[in-house]
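To keep things clear, I will list the structure first and then write my remarks on it.
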Amino acid sequence: MRAVLQRVTQASVTVGDRVVGAIGPGVCVLVGICHEDTREDMEYIAKKILGMRVFDDDIGSMWKKSVQDKGLEVLCVSQFTLYGKTTKGMKPDFHQAMRSSESRQAFDDLVAHLGKLYDPSKIATGEFGAMMQVALINDGPVTLQLDSRKFSYDAPNPTTAAKLSAKDQRRQGFARRQQEQEPTPSSDT
């Protein structure tokens with residue numbers, strides 16, 4: 001699951017000529033859902049949205065408070081285009097995005113989980129599947145990318161895999177040397 005979190009002084013979502021969601025100070029979050037996402041991905045993103053320290057504390061120290069710490073609002077907007085691949089050609093490829101029927105439930109689950117962890121009255125949304133106009137005033141600007149899979153749903157590249165293997169081998173060697181140095185209990189027979 002991916003999210004783009006923006007600290008805002010205000011944000012709103014309009015469908016046609018009606019406002020379907022609006023907040024004052026808080027965070028506006030665009031949420032993309034991958035076909036591989038699980039409940040664990042959703043829970044991770046929910047905790048990050050509520051816990052990311054993007055606000056000043058009461059004495060003006062930066063990066064000290066989260067939206068939840070400050071009692072501010074959250075506007076969540078479903079955005080499958082966060083999974084658009086643009087590496088080939090000029091047309092984005094959205095095959096990594098979850099299908100609409102399944103992603104609606106995943107998005108609703110995320111919003112419900114945010115409400116459960118925080119205050120449901122402070123969580124607003126857009127309209128799933130609609131053509132929306134998102135208006136916001138980015139405060140800072142502060143914009144962060146969040147990803148429950150650390151930006152990769154692909155197999156690791158061979159160089160990274162080799163480095164990880166070498167690191168794991170060093171750990172195993174260290175553990176084996178530690179075991180060899182420990183005294184073994186003797187048995188008297």
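Each chain of the structure tokens is named A, B, ... in the order shown, its residues numbered from 1; ligands are numbered from 1 in display order.
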
Would you write out, as a Markdown table, a table of all residues in stretch 31-92 of chain A that have an atom no more than 7 Å from an atom of stretch 106-128 of chain A, listing for each the closest atom pair and the distance in Å to one decimal, considering only C-alpha atoms and ordering rows by chain and rising residue number?
```
| residue | atom | partner | partner_atom | distance |
| --- | --- | --- | --- | --- |
| A:Met42 | CA | A:Leu110 | CA | 5.9 |
| A:Ala46 | CA | A:Leu114 | CA | 5.8 |
| A:Gln68 | CA | A:Tyr118 | CA | 6.9 |
| A:Glu73 | CA | A:Lys122 | CA | 4.7 |
| A:Val74 | CA | A:Ile123 | CA | 4.9 |
| A:Leu75 | CA | A:Ala124 | CA | 4.7 |
| A:Cys76 | CA | A:Thr125 | CA | 4.7 |
| A:Val77 | CA | A:Gly126 | CA | 5.1 |
| A:Ser78 | CA | A:Phe128 | CA | 6.2 |
```

For stretch 132-144 of chain A, find every residue with an atom within 9 Å (counting only C-alpha atoms), except residues of its own chain fewer than 4 positions away, and show them as a tab-separated table (two decimals) with N, CA and C atoms, in the first residue's frame.
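So the final result, stored in part_5.tsv, reads:
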```tsv
chain	number	residue	atom	x	y	z
A	3	ALA	N	1.06	5.59	0.07
A	3	ALA	CA	0.34	6.81	0.43
A	3	ALA	C	1.26	8.00	0.22
A	4	VAL	N	0.66	9.09	-0.22
A	4	VAL	CA	1.35	10.37	-0.28
A	4	VAL	C	0.68	11.24	0.77
A	5	LEU	N	1.43	11.57	1.81
A	5	LEU	CA	0.91	12.33	2.94
A	5	LEU	C	1.37	13.78	2.79
A	6	GLN	N	0.41	14.70	2.87
A	6	GLN	CA	0.73	16.12	2.77
A	6	GLN	C	0.17	16.86	3.98
A	7	ARG	N	1.03	17.63	4.62
A	7	ARG	CA	0.58	18.48	5.73
A	7	ARG	C	-0.16	19.66	5.11
A	8	VAL	N	-1.38	19.91	5.59
A	8	VAL	CA	-2.21	20.95	4.97
A	8	VAL	C	-2.80	21.88	6.02
A	9	THR	N	-3.12	23.10	5.57
A	9	THR	CA	-3.89	24.01	6.41
A	9	THR	C	-5.38	23.78	6.15
A	10	GLN	N	-5.71	23.26	4.95
A	10	GLN	CA	-7.07	22.86	4.62
A	10	GLN	C	-7.02	22.01	3.36
A	11	ALA	N	-8.04	21.16	3.20
A	11	ALA	CA	-8.14	20.33	2.00
A	11	ALA	C	-9.59	19.93	1.81
A	12	SER	N	-9.96	19.71	0.54
A	12	SER	CA	-11.33	19.28	0.25
A	12	SER	C	-11.34	18.44	-1.02
A	13	VAL	N	-12.40	17.65	-1.15
A	13	VAL	CA	-12.63	16.84	-2.33
A	13	VAL	C	-14.01	17.18	-2.86
A	14	THR	N	-14.07	17.49	-4.15
A	14	THR	CA	-15.33	17.83	-4.81
A	14	THR	C	-15.60	16.83	-5.91
A	15	VAL	N	-16.85	16.38	-6.00
A	15	VAL	CA	-17.31	15.53	-7.10
A	15	VAL	C	-18.44	16.30	-7.77
A	16	GLY	N	-18.23	16.61	-9.04
A	16	GLY	CA	-19.21	17.47	-9.72
A	16	GLY	C	-19.17	18.84	-9.09
A	25	PRO	N	-6.92	22.17	9.32
A	25	PRO	CA	-5.53	21.75	9.48
A	25	PRO	C	-5.43	20.24	9.76
A	27	VAL	N	-3.75	16.43	7.72
A	27	VAL	CA	-3.03	15.80	6.61
A	27	VAL	C	-4.03	15.32	5.55
A	28	CYS	N	-3.65	15.55	4.31
A	28	CYS	CA	-4.38	15.01	3.16
A	28	CYS	C	-3.55	13.83	2.66
A	54	VAL	N	4.95	15.31	11.57
A	54	VAL	CA	5.14	16.35	10.56
A	54	VAL	C	4.75	17.74	11.06
A	77	VAL	N	-7.95	10.01	0.31
A	77	VAL	CA	-8.47	9.98	-1.05
A	77	VAL	C	-7.88	8.77	-1.75
A	126	GLY	N	-12.80	11.09	0.18
A	126	GLY	CA	-13.38	11.46	-1.10
A	126	GLY	C	-14.48	10.47	-1.43
A	127	GLU	N	-14.81	10.34	-2.69
A	127	GLU	CA	-15.83	9.38	-3.12
A	127	GLU	C	-15.13	8.33	-3.98
A	128	PHE	N	-15.08	7.11	-3.49
A	128	PHE	CA	-14.33	6.05	-4.16
A	128	PHE	C	-14.81	5.87	-5.60
```

As a VMD selection string, please: every residue in stretch 20-93 of chain A that DSSP puts in alpha helix (DSSP H). chain A and resid 39 to 51 67 to 70

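The shortest atom-to-atom distance to A:Arg2, with only C-alpha atoms taken into account, belongs to A:Cys34 out of A:Cys34, A:Val20, A:Leu72, A:Met90.
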
According to DSSP computed on the backbone, where in stretch 45-125 of chain A is there strand (DSSP E or B)? Give the residues as a PyMOL selection string. chain A and resi 53-55+65-66+73-78+85+93+97+123-125

Could you take the residues named above and write them with all heavy atoms, as a short mmCIF file (atom, residue, chain, number, x, y, z; two decimals), in the first residue's frame?
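The new file result_31.cif reads:
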```cif
data_model
loop_
_atom_site.label_atom_id
_atom_site.label_comp_id
_atom_site.auth_asym_id
_atom_site.auth_seq_id
_atom_site.Cartn_x
_atom_site.Cartn_y
_atom_site.Cartn_z
N ARG A 53 5.39 12.26 12.41
CA ARG A 53 5.59 13.55 13.08
C ARG A 53 5.96 14.62 12.05
O ARG A 53 7.13 14.79 11.73
CB ARG A 53 6.65 13.42 14.17
CG ARG A 53 6.19 12.49 15.28
CD ARG A 53 7.16 12.43 16.41
NE ARG A 53 8.51 12.13 15.93
CZ ARG A 53 9.38 11.40 16.58
NH1 ARG A 53 9.07 10.88 17.74
NH2 ARG A 53 10.58 11.18 16.10
N VAL A 54 4.95 15.31 11.57
CA VAL A 54 5.14 16.35 10.56
C VAL A 54 4.75 17.74 11.06
O VAL A 54 4.77 18.70 10.30
CB VAL A 54 4.36 16.02 9.25
CG1 VAL A 54 4.91 14.77 8.61
CG2 VAL A 54 2.87 15.89 9.51
N PHE A 55 4.41 17.84 12.35
CA PHE A 55 3.97 19.10 12.93
C PHE A 55 4.94 19.57 14.00
O PHE A 55 5.63 18.77 14.64
CB PHE A 55 2.57 18.97 13.52
CG PHE A 55 1.51 18.67 12.50
CD1 PHE A 55 1.13 17.37 12.24
CD2 PHE A 55 0.92 19.70 11.79
CE1 PHE A 55 0.17 17.09 11.28
CE2 PHE A 55 -0.04 19.43 10.83
CZ PHE A 55 -0.41 18.12 10.58
N LYS A 65 5.40 16.47 16.48
CA LYS A 65 4.03 16.01 16.76
C LYS A 65 3.39 15.42 15.51
O LYS A 65 3.65 15.84 14.39
CB LYS A 65 3.16 17.19 17.24
CG LYS A 65 3.62 17.82 18.53
CD LYS A 65 3.33 16.94 19.70
CE LYS A 65 3.73 17.62 21.01
NZ LYS A 65 3.37 16.83 22.16
N SER A 66 2.50 14.46 15.74
CA SER A 66 1.74 13.83 14.65
C SER A 66 0.35 14.46 14.57
O SER A 66 -0.05 15.22 15.45
CB SER A 66 1.61 12.33 14.92
OG SER A 66 0.75 12.12 16.04
N GLU A 73 -7.14 16.79 11.70
CA GLU A 73 -7.99 15.98 10.83
C GLU A 73 -7.20 15.28 9.73
O GLU A 73 -6.08 15.69 9.40
CB GLU A 73 -9.07 16.87 10.19
CG GLU A 73 -10.01 17.48 11.22
CD GLU A 73 -11.00 18.43 10.60
OE1 GLU A 73 -10.56 19.48 10.07
OE2 GLU A 73 -12.20 18.12 10.63
N VAL A 74 -7.82 14.24 9.17
CA VAL A 74 -7.23 13.45 8.09
C VAL A 74 -8.23 13.37 6.95
O VAL A 74 -9.39 13.03 7.16
CB VAL A 74 -6.89 12.02 8.57
CG1 VAL A 74 -6.33 11.17 7.43
CG2 VAL A 74 -5.93 12.05 9.75
N LEU A 75 -7.78 13.67 5.73
CA LEU A 75 -8.59 13.49 4.53
C LEU A 75 -7.92 12.41 3.69
O LEU A 75 -6.79 12.57 3.25
CB LEU A 75 -8.69 14.79 3.73
CG LEU A 75 -9.43 14.70 2.38
CD1 LEU A 75 -10.89 14.27 2.56
CD2 LEU A 75 -9.35 16.03 1.64
N CYS A 76 -8.60 11.27 3.51
CA CYS A 76 -8.08 10.15 2.72
C CYS A 76 -8.76 10.11 1.36
O CYS A 76 -9.99 10.14 1.29
CB CYS A 76 -8.33 8.83 3.42
SG CYS A 76 -7.22 8.51 4.77
N VAL A 77 -7.95 10.01 0.31
CA VAL A 77 -8.47 9.98 -1.05
C VAL A 77 -7.88 8.77 -1.75
O VAL A 77 -6.65 8.63 -1.84
CB VAL A 77 -8.09 11.27 -1.81
CG1 VAL A 77 -8.65 11.23 -3.22
CG2 VAL A 77 -8.57 12.50 -1.06
N SER A 78 -8.73 7.89 -2.25
CA SER A 78 -8.28 6.72 -2.99
C SER A 78 -7.64 7.17 -4.31
O SER A 78 -8.20 7.98 -5.03
CB SER A 78 -9.46 5.80 -3.26
OG SER A 78 -9.05 4.72 -4.07
N LYS A 85 2.97 2.35 -13.49
CA LYS A 85 4.36 2.15 -13.94
C LYS A 85 4.55 2.95 -15.21
O LYS A 85 3.74 2.87 -16.12
CB LYS A 85 4.62 0.67 -14.22
CG LYS A 85 5.00 -0.14 -13.02
CD LYS A 85 5.33 -1.55 -13.44
CE LYS A 85 6.77 -1.84 -13.12
NZ LYS A 85 7.11 -3.24 -13.35
N ASP A 93 1.04 2.06 -16.89
CA ASP A 93 0.56 0.69 -16.71
C ASP A 93 0.09 0.56 -15.26
O ASP A 93 0.88 0.75 -14.33
CB ASP A 93 1.71 -0.27 -17.00
CG ASP A 93 1.39 -1.72 -16.70
OD1 ASP A 93 0.29 -2.02 -16.20
OD2 ASP A 93 2.26 -2.57 -16.96
N ALA A 97 -2.01 -2.13 -9.48
CA ALA A 97 -3.11 -1.63 -8.65
C ALA A 97 -4.15 -2.73 -8.46
O ALA A 97 -4.41 -3.54 -9.35
CB ALA A 97 -3.75 -0.41 -9.30
N ILE A 123 -11.88 11.89 10.51
CA ILE A 123 -11.45 11.23 9.28
C ILE A 123 -12.48 11.55 8.19
O ILE A 123 -13.66 11.23 8.34
CB ILE A 123 -11.35 9.70 9.45
CG1 ILE A 123 -10.56 9.31 10.70
CG2 ILE A 123 -10.79 9.06 8.18
CD1 ILE A 123 -9.11 9.67 10.70
N ALA A 124 -12.04 12.17 7.11
CA ALA A 124 -12.91 12.47 5.97
C ALA A 124 -12.37 11.73 4.75
O ALA A 124 -11.19 11.35 4.72
CB ALA A 124 -12.95 13.97 5.70
N THR A 125 -13.20 11.51 3.75
CA THR A 125 -12.78 10.82 2.54
C THR A 125 -13.34 11.50 1.31
O THR A 125 -14.24 12.33 1.39
CB THR A 125 -13.26 9.35 2.51
OG1 THR A 125 -14.69 9.34 2.44
CG2 THR A 125 -12.78 8.58 3.74
#
```

Grab the atom CA of A:Thr81 to atom CA of A:Gly32 distance for me, in Å with one decimal place. 6.9 Å

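Separating atom CA of A:Gly71 from atom CA of A:Gln145 is a distance of 21.9 Å.
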